[in-house]
Amino acid sequence: MELYRIPSASLLGVVIACWMASCGERTKTGAEQGNREQVVDSLAGQTTGGADTLGMPATVAEIRQAHAAIVTKLGEGRLDSTSFSYSCDDEKNGTVSYYSDNGQLRMVVHRYNEYDHYSAEDTYFVQDSTLFFAFLKRVAWSFTSGPEGATKDDITELRVYVVDQQPVQCLEKKFTVHSHADSNPTSEEVPSREVDCIAMNRVIDPYRALLKHQHHPTAGCLGE
């Protein structure tokens, strides 16, 4: 399948959704309501040291700094990008996008749907060919009581900080968005809570599966 270029800025809202801050609630993020509305946070006041000059992040603070540098370059349109779409047995459909800086992979974004009531978005941040941070978002929607056609989205966000190929900290947010509510929580308003980290293979194996298709895209199953 032929790769095609997509604009870096168009994905900024997605990536800012996993923005991390060191104060108060520990994270500063945007939110997406039912994968239909994106809210982009301001980057003002954040530390954005260059990822290329930091070396491989070895602490949570360094991970945040390296992440910030990649997000900044994305927002400035300084990352090259390619993308492909696939359909796996009409049960799982998605799009995979790769973002590079001077030929070096920096970020992989995997958006996909399974059946009709579930969608996900996995974003992986990379330096020196090594994964250092993952943002995993899950949205399960269902009909709910209220006006005809009313729905709710149950959203789970997991942020995984990785050092030496092992998770060193995992932060989780859970909240619900109602389609007919006058107001809904956003990701930035929901406090993070530290949780036990998932097994590393649940993060690294899907990431490696995506890497296999960076130069060999497929229209079918990814073989995760």
# chains A, B, ... in the order shown; residues from 1 in each chain; ligands from 1

$ select_by_dssp --residues "segment 133-166 of chain A" --states "strand (DSSP E or B)" --output "PDB file with all heavy atoms, in the first residue's frame"
ATOM      1  N   PHE A 133       7.775   6.510  26.413  1.00  0.00           N
ATOM      2  CA  PHE A 133       6.494   6.927  26.978  1.00  0.00           C
ATOM      3  C   PHE A 133       5.367   6.445  26.083  1.00  0.00           C
ATOM      4  O   PHE A 133       5.471   6.472  24.852  1.00  0.00           O
ATOM      5  CB  PHE A 133       6.421   8.453  27.108  1.00  0.00           C
ATOM      6  CG  PHE A 133       5.112   8.961  27.640  1.00  0.00           C
ATOM      7  CD1 PHE A 133       4.761   8.745  28.966  1.00  0.00           C
ATOM      8  CD2 PHE A 133       4.232   9.643  26.828  1.00  0.00           C
ATOM      9  CE1 PHE A 133       3.540   9.208  29.453  1.00  0.00           C
ATOM     10  CE2 PHE A 133       3.016  10.115  27.300  1.00  0.00           C
ATOM     11  CZ  PHE A 133       2.674   9.906  28.624  1.00  0.00           C
ATOM     12  N   ALA A 134       4.266   5.986  26.708  1.00  0.00           N
ATOM     13  CA  ALA A 134       3.091   5.550  25.954  1.00  0.00           C
ATOM     14  C   ALA A 134       1.844   6.161  26.575  1.00  0.00           C
ATOM     15  O   ALA A 134       1.711   6.209  27.810  1.00  0.00           O
ATOM     16  CB  ALA A 134       2.986   4.029  25.951  1.00  0.00           C
ATOM     17  N   PHE A 135       0.946   6.628  25.724  1.00  0.00           N
ATOM     18  CA  PHE A 135      -0.345   7.160  26.147  1.00  0.00           C
ATOM     19  C   PHE A 135      -1.419   6.301  25.500  1.00  0.00           C
ATOM     20  O   PHE A 135      -1.549   6.268  24.274  1.00  0.00           O
ATOM     21  CB  PHE A 135      -0.479   8.619  25.716  1.00  0.00           C
ATOM     22  CG  PHE A 135      -1.851   9.199  25.957  1.00  0.00           C
ATOM     23  CD1 PHE A 135      -2.362   9.286  27.234  1.00  0.00           C
ATOM     24  CD2 PHE A 135      -2.599   9.679  24.894  1.00  0.00           C
ATOM     25  CE1 PHE A 135      -3.620   9.834  27.462  1.00  0.00           C
ATOM     26  CE2 PHE A 135      -3.858  10.229  25.107  1.00  0.00           C
ATOM     27  CZ  PHE A 135      -4.374  10.307  26.389  1.00  0.00           C
ATOM     28  N   LEU A 136      -2.184   5.582  26.321  1.00  0.00           N
ATOM     29  CA  LEU A 136      -3.175   4.627  25.829  1.00  0.00           C
ATOM     30  C   LEU A 136      -4.566   5.108  26.231  1.00  0.00           C
ATOM     31  O   LEU A 136      -4.848   5.281  27.423  1.00  0.00           O
ATOM     32  CB  LEU A 136      -2.914   3.230  26.407  1.00  0.00           C
ATOM     33  CG  LEU A 136      -1.470   2.722  26.310  1.00  0.00           C
ATOM     34  CD1 LEU A 136      -1.345   1.358  26.987  1.00  0.00           C
ATOM     35  CD2 LEU A 136      -1.000   2.656  24.862  1.00  0.00           C
ATOM     36  N   LYS A 137      -5.422   5.321  25.256  1.00  0.00           N
ATOM     37  CA  LYS A 137      -6.767   5.830  25.517  1.00  0.00           C
ATOM     38  C   LYS A 137      -7.802   4.849  24.987  1.00  0.00           C
ATOM     39  O   LYS A 137      -7.697   4.371  23.854  1.00  0.00           O
ATOM     40  CB  LYS A 137      -6.954   7.194  24.854  1.00  0.00           C
ATOM     41  CG  LYS A 137      -8.326   7.813  25.109  1.00  0.00           C
ATOM     42  CD  LYS A 137      -8.387   9.223  24.541  1.00  0.00           C
ATOM     43  CE  LYS A 137      -9.739   9.863  24.817  1.00  0.00           C
ATOM     44  NZ  LYS A 137      -9.807  11.260  24.344  1.00  0.00           N
ATOM     45  N   ARG A 138      -8.821   4.569  25.813  1.00  0.00           N
ATOM     46  CA  ARG A 138      -9.889   3.651  25.449  1.00  0.00           C
ATOM     47  C   ARG A 138     -11.230   4.349  25.642  1.00  0.00           C
ATOM     48  O   ARG A 138     -11.458   4.997  26.666  1.00  0.00           O
ATOM     49  CB  ARG A 138      -9.844   2.391  26.314  1.00  0.00           C
ATOM     50  CG  ARG A 138      -8.486   1.683  26.310  1.00  0.00           C
ATOM     51  CD  ARG A 138      -8.231   1.003  24.972  1.00  0.00           C
ATOM     52  NE  ARG A 138      -6.959   0.309  24.919  1.00  0.00           N
ATOM     53  CZ  ARG A 138      -5.853   0.801  24.399  1.00  0.00           C
ATOM     54  NH1 ARG A 138      -5.857   2.032  23.905  1.00  0.00           N
ATOM     55  NH2 ARG A 138      -4.751   0.097  24.369  1.00  0.00           N
ATOM     56  N   VAL A 139     -12.127   4.186  24.666  1.00  0.00           N
ATOM     57  CA  VAL A 139     -13.461   4.771  24.744  1.00  0.00           C
ATOM     58  C   VAL A 139     -14.490   3.688  24.438  1.00  0.00           C
ATOM     59  O   VAL A 139     -14.476   3.092  23.356  1.00  0.00           O
ATOM     60  CB  VAL A 139     -13.639   5.947  23.757  1.00  0.00           C
ATOM     61  CG1 VAL A 139     -15.049   6.527  23.879  1.00  0.00           C
ATOM     62  CG2 VAL A 139     -12.589   7.029  23.994  1.00  0.00           C
ATOM     63  N   ALA A 140     -15.374   3.422  25.400  1.00  0.00           N
ATOM     64  CA  ALA A 140     -16.471   2.484  25.202  1.00  0.00           C
ATOM     65  C   ALA A 140     -17.778   3.265  25.319  1.00  0.00           C
ATOM     66  O   ALA A 140     -18.034   3.905  26.345  1.00  0.00           O
ATOM     67  CB  ALA A 140     -16.420   1.364  26.236  1.00  0.00           C
ATOM     68  N   TRP A 141     -18.604   3.229  24.270  1.00  0.00           N
ATOM     69  CA  TRP A 141     -19.828   4.008  24.320  1.00  0.00           C
ATOM     70  C   TRP A 141     -21.042   3.091  24.352  1.00  0.00           C
ATOM     71  O   TRP A 141     -21.010   1.953  23.891  1.00  0.00           O
ATOM     72  CB  TRP A 141     -19.923   4.985  23.149  1.00  0.00           C
ATOM     73  CG  TRP A 141     -20.264   4.391  21.808  1.00  0.00           C
ATOM     74  CD1 TRP A 141     -19.399   3.929  20.866  1.00  0.00           C
ATOM     75  CD2 TRP A 141     -21.583   4.210  21.278  1.00  0.00           C
ATOM     76  NE1 TRP A 141     -20.082   3.467  19.777  1.00  0.00           N
ATOM     77  CE2 TRP A 141     -21.425   3.622  19.998  1.00  0.00           C
ATOM     78  CE3 TRP A 141     -22.869   4.478  21.742  1.00  0.00           C
ATOM     79  CZ2 TRP A 141     -22.509   3.304  19.172  1.00  0.00           C
ATOM     80  CZ3 TRP A 141     -23.955   4.163  20.936  1.00  0.00           C
ATOM     81  CH2 TRP A 141     -23.772   3.589  19.660  1.00  0.00           C
ATOM     82  N   SER A 142     -22.121   3.618  24.917  1.00  0.00           N
ATOM     83  CA  SER A 142     -23.363   2.851  25.029  1.00  0.00           C
ATOM     84  C   SER A 142     -24.530   3.821  25.112  1.00  0.00           C
ATOM     85  O   SER A 142     -24.357   4.999  25.435  1.00  0.00           O
ATOM     86  CB  SER A 142     -23.324   1.943  26.267  1.00  0.00           C
ATOM     87  OG  SER A 142     -23.152   2.710  27.442  1.00  0.00           O
ATOM     88  N   PHE A 143     -25.721   3.317  24.807  1.00  0.00           N
ATOM     89  CA  PHE A 143     -26.917   4.127  24.964  1.00  0.00           C
ATOM     90  C   PHE A 143     -27.236   4.245  26.444  1.00  0.00           C
ATOM     91  O   PHE A 143     -26.906   3.372  27.247  1.00  0.00           O
ATOM     92  CB  PHE A 143     -28.090   3.499  24.218  1.00  0.00           C
ATOM     93  CG  PHE A 143     -27.942   3.561  22.725  1.00  0.00           C
ATOM     94  CD1 PHE A 143     -27.608   2.423  21.999  1.00  0.00           C
ATOM     95  CD2 PHE A 143     -28.132   4.751  22.039  1.00  0.00           C
ATOM     96  CE1 PHE A 143     -27.466   2.466  20.623  1.00  0.00           C
ATOM     97  CE2 PHE A 143     -27.993   4.809  20.662  1.00  0.00           C
ATOM     98  CZ  PHE A 143     -27.658   3.669  19.951  1.00  0.00           C
ATOM     99  N   THR A 151     -26.358   8.938  24.527  1.00  0.00           N
ATOM    100  CA  THR A 151     -25.265   7.984  24.707  1.00  0.00           C
ATOM    101  C   THR A 151     -24.303   8.494  25.773  1.00  0.00           C
ATOM    102  O   THR A 151     -24.338   9.662  26.157  1.00  0.00           O
ATOM    103  CB  THR A 151     -24.475   7.768  23.405  1.00  0.00           C
ATOM    104  OG1 THR A 151     -23.853   9.002  23.008  1.00  0.00           O
ATOM    105  CG2 THR A 151     -25.371   7.269  22.284  1.00  0.00           C
ATOM    106  N   LYS A 152     -23.463   7.597  26.224  1.00  0.00           N
ATOM    107  CA  LYS A 152     -22.380   7.983  27.115  1.00  0.00           C
ATOM    108  C   LYS A 152     -21.096   7.323  26.653  1.00  0.00           C
ATOM    109  O   LYS A 152     -21.106   6.224  26.102  1.00  0.00           O
ATOM    110  CB  LYS A 152     -22.683   7.596  28.563  1.00  0.00           C
ATOM    111  CG  LYS A 152     -22.709   6.098  28.821  1.00  0.00           C
ATOM    112  CD  LYS A 152     -22.822   5.798  30.306  1.00  0.00           C
ATOM    113  CE  LYS A 152     -22.762   4.283  30.571  1.00  0.00           C
ATOM    114  NZ  LYS A 152     -22.733   3.984  32.020  1.00  0.00           N
ATOM    115  N   ASP A 153     -19.988   7.996  26.861  1.00  0.00           N
ATOM    116  CA  ASP A 153     -18.659   7.475  26.553  1.00  0.00           C
ATOM    117  C   ASP A 153     -17.917   7.274  27.869  1.00  0.00           C
ATOM    118  O   ASP A 153     -17.702   8.237  28.617  1.00  0.00           O
ATOM    119  CB  ASP A 153     -17.866   8.447  25.678  1.00  0.00           C
ATOM    120  CG  ASP A 153     -18.432   8.563  24.278  1.00  0.00           C
ATOM    121  OD1 ASP A 153     -19.331   7.782  23.934  1.00  0.00           O
ATOM    122  OD2 ASP A 153     -17.973   9.455  23.542  1.00  0.00           O
ATOM    123  N   ASP A 154     -17.531   6.044  28.147  1.00  0.00           N
ATOM    124  CA  ASP A 154     -16.684   5.759  29.305  1.00  0.00           C
ATOM    125  C   ASP A 154     -15.236   5.764  28.831  1.00  0.00           C
ATOM    126  O   ASP A 154     -14.829   4.922  28.016  1.00  0.00           O
ATOM    127  CB  ASP A 154     -17.045   4.403  29.914  1.00  0.00           C
ATOM    128  CG  ASP A 154     -18.440   4.405  30.539  1.00  0.00           C
ATOM    129  OD1 ASP A 154     -18.785   5.401  31.199  1.00  0.00           O
ATOM    130  OD2 ASP A 154     -19.181   3.416  30.356  1.00  0.00           O
ATOM    131  N   ILE A 155     -14.454   6.712  29.322  1.00  0.00           N
ATOM    132  CA  ILE A 155     -13.106   6.964  28.818  1.00  0.00           C
ATOM    133  C   ILE A 155     -12.069   6.578  29.869  1.00  0.00           C
ATOM    134  O   ILE A 155     -12.193   6.944  31.039  1.00  0.00           O
ATOM    135  CB  ILE A 155     -12.933   8.444  28.439  1.00  0.00           C
ATOM    136  CG1 ILE A 155     -13.973   8.829  27.362  1.00  0.00           C
ATOM    137  CG2 ILE A 155     -11.515   8.731  27.958  1.00  0.00           C
ATOM    138  CD1 ILE A 155     -14.019  10.315  27.063  1.00  0.00           C
ATOM    139  N   THR A 156     -11.067   5.848  29.432  1.00  0.00           N
ATOM    140  CA  THR A 156      -9.937   5.496  30.289  1.00  0.00           C
ATOM    141  C   THR A 156      -8.658   5.934  29.598  1.00  0.00           C
ATOM    142  O   THR A 156      -8.444   5.632  28.426  1.00  0.00           O
ATOM    143  CB  THR A 156      -9.872   3.983  30.561  1.00  0.00           C
ATOM    144  OG1 THR A 156     -11.080   3.570  31.210  1.00  0.00           O
ATOM    145  CG2 THR A 156      -8.686   3.637  31.449  1.00  0.00           C
ATOM    146  N   GLU A 157      -7.810   6.664  30.323  1.00  0.00           N
ATOM    147  CA  GLU A 157      -6.512   7.083  29.809  1.00  0.00           C
ATOM    148  C   GLU A 157      -5.417   6.516  30.705  1.00  0.00           C
ATOM    149  O   GLU A 157      -5.510   6.603  31.927  1.00  0.00           O
ATOM    150  CB  GLU A 157      -6.405   8.609  29.786  1.00  0.00           C
ATOM    151  CG  GLU A 157      -7.414   9.290  28.885  1.00  0.00           C
ATOM    152  CD  GLU A 157      -7.330  10.797  28.946  1.00  0.00           C
ATOM    153  OE1 GLU A 157      -6.599  11.325  29.828  1.00  0.00           O
ATOM    154  OE2 GLU A 157      -7.998  11.464  28.137  1.00  0.00           O
ATOM    155  N   LEU A 158      -4.393   5.955  30.096  1.00  0.00           N
ATOM    156  CA  LEU A 158      -3.263   5.425  30.852  1.00  0.00           C
ATOM    157  C   LEU A 158      -1.975   5.995  30.292  1.00  0.00           C
ATOM    158  O   LEU A 158      -1.720   5.922  29.088  1.00  0.00           O
ATOM    159  CB  LEU A 158      -3.224   3.898  30.775  1.00  0.00           C
ATOM    160  CG  LEU A 158      -2.100   3.213  31.557  1.00  0.00           C
ATOM    161  CD1 LEU A 158      -2.268   3.448  33.058  1.00  0.00           C
ATOM    162  CD2 LEU A 158      -2.065   1.718  31.256  1.00  0.00           C
ATOM    163  N   ARG A 159      -1.166   6.563  31.174  1.00  0.00           N
ATOM    164  CA  ARG A 159       0.124   7.109  30.792  1.00  0.00           C
ATOM    165  C   ARG A 159       1.216   6.237  31.402  1.00  0.00           C
ATOM    166  O   ARG A 159       1.245   6.035  32.626  1.00  0.00           O
ATOM    167  CB  ARG A 159       0.246   8.558  31.292  1.00  0.00           C
ATOM    168  CG  ARG A 159      -0.711   9.506  30.580  1.00  0.00           C
ATOM    169  CD  ARG A 159      -1.013  10.740  31.429  1.00  0.00           C
ATOM    170  NE  ARG A 159      -1.844  11.679  30.684  1.00  0.00           N
ATOM    171  CZ  ARG A 159      -3.172  11.591  30.575  1.00  0.00           C
ATOM    172  NH1 ARG A 159      -3.828  10.599  31.167  1.00  0.00           N
ATOM    173  NH2 ARG A 159      -3.847  12.479  29.872  1.00  0.00           N
ATOM    174  N   VAL A 160       2.098   5.727  30.556  1.00  0.00           N
ATOM    175  CA  VAL A 160       3.120   4.777  30.995  1.00  0.00           C
ATOM    176  C   VAL A 160       4.500   5.377  30.741  1.00  0.00           C
ATOM    177  O   VAL A 160       4.883   5.625  29.594  1.00  0.00           O
ATOM    178  CB  VAL A 160       2.990   3.431  30.247  1.00  0.00           C
ATOM    179  CG1 VAL A 160       4.024   2.433  30.777  1.00  0.00           C
ATOM    180  CG2 VAL A 160       1.579   2.863  30.381  1.00  0.00           C
ATOM    181  N   TYR A 161       5.248   5.607  31.813  1.00  0.00           N
ATOM    182  CA  TYR A 161       6.611   6.126  31.730  1.00  0.00           C
ATOM    183  C   TYR A 161       7.569   4.932  31.713  1.00  0.00           C
ATOM    184  O   TYR A 161       7.500   4.067  32.593  1.00  0.00           O
ATOM    185  CB  TYR A 161       6.931   7.009  32.929  1.00  0.00           C
ATOM    186  CG  TYR A 161       6.046   8.234  33.075  1.00  0.00           C
ATOM    187  CD1 TYR A 161       4.744   8.124  33.555  1.00  0.00           C
ATOM    188  CD2 TYR A 161       6.528   9.494  32.758  1.00  0.00           C
ATOM    189  CE1 TYR A 161       3.939   9.246  33.699  1.00  0.00           C
ATOM    190  CE2 TYR A 161       5.736  10.626  32.905  1.00  0.00           C
ATOM    191  CZ  TYR A 161       4.435  10.487  33.376  1.00  0.00           C
ATOM    192  OH  TYR A 161       3.640  11.607  33.523  1.00  0.00           O
ATOM    193  N   VAL A 162       8.478   4.903  30.755  1.00  0.00           N
ATOM    194  CA  VAL A 162       9.336   3.732  30.550  1.00  0.00           C
ATOM    195  C   VAL A 162      10.806   4.126  30.640  1.00  0.00           C
ATOM    196  O   VAL A 162      11.244   5.070  29.980  1.00  0.00           O
ATOM    197  CB  VAL A 162       9.050   3.090  29.173  1.00  0.00           C
ATOM    198  CG1 VAL A 162       9.949   1.871  28.960  1.00  0.00           C
ATOM    199  CG2 VAL A 162       7.580   2.707  29.049  1.00  0.00           C
ATOM    200  N   VAL A 163      11.558   3.395  31.455  1.00  0.00           N
ATOM    201  CA  VAL A 163      13.005   3.571  31.577  1.00  0.00           C
ATOM    202  C   VAL A 163      13.659   2.203  31.445  1.00  0.00           C
ATOM    203  O   VAL A 163      13.254   1.254  32.125  1.00  0.00           O
ATOM    204  CB  VAL A 163      13.393   4.209  32.926  1.00  0.00           C
ATOM    205  CG1 VAL A 163      14.914   4.270  33.070  1.00  0.00           C
ATOM    206  CG2 VAL A 163      12.794   5.604  33.058  1.00  0.00           C
ATOM    207  N   GLN A 166      11.394  -0.761  30.926  1.00  0.00           N
ATOM    208  CA  GLN A 166      10.512  -1.174  32.014  1.00  0.00           C
ATOM    209  C   GLN A 166       9.656   0.022  32.454  1.00  0.00           C
ATOM    210  O   GLN A 166      10.161   1.148  32.537  1.00  0.00           O
ATOM    211  CB  GLN A 166      11.312  -1.690  33.213  1.00  0.00           C
ATOM    212  CG  GLN A 166      12.060  -2.985  32.960  1.00  0.00           C
ATOM    213  CD  GLN A 166      11.126  -4.142  32.640  1.00  0.00           C
ATOM    214  OE1 GLN A 166      10.039  -4.266  33.191  1.00  0.00           O
ATOM    215  NE2 GLN A 166      11.561  -5.001  31.723  1.00  0.00           N
TER     216      GLN A 166
END

$ residues_around --residues "Gln165 of chain A" --least-positions-apart "2" --cutoff "9 Å" --atoms "only C-alpha atoms" --output "ChimeraX atom specification"
/A:130-132,162-163,167,200,204

$ closest_residue --among "A:Asp116, A:Glu62, A:Glu194, A:Asp122" --to "Lys173 of chain A" --atoms "only C-alpha atoms"
A:Glu194

$ residues_around --residues "segment 214-223 of chain A" --least-positions-apart "2" --cutoff "12 Å" --atoms "only C-alpha atoms" --output "ChimeraX atom specification"
/A:1-4,81-100,105,107-110,112,205-212

$ select_by_dssp --residues "segment 50-180 of chain A" --states "helix (DSSP H, G or I)" --output "list in words"
Ala51, Asp52, Thr53, Leu54, Val60, Ala61, Glu62, Ile63, Arg64, Gln65, Ala66, His67, Ala68, Ala69, Ile70, Val71, Thr72, Lys73, Leu74 and Gly75 of chain A

$ atom_distance --atom1 "atom CA of Ala181 of chain A" --atom2 "atom CA of Val195 of chain A"
29.2 Å

$ atom_distance --atom1 "atom CA of Ala61 of chain A" --atom2 "atom CA of Pro191 of chain A"
18.7 Å

$ atom_distance --atom1 "atom CA of Ala69 of chain A" --atom2 "atom CA of Asp101 of chain A"
11.3 Å

$ closest_residue --among "A:Gly55, A:Val60, A:Gly103, A:Asn113" --to "Asp80 of chain A" --atoms "only C-alpha atoms"
A:Gly103
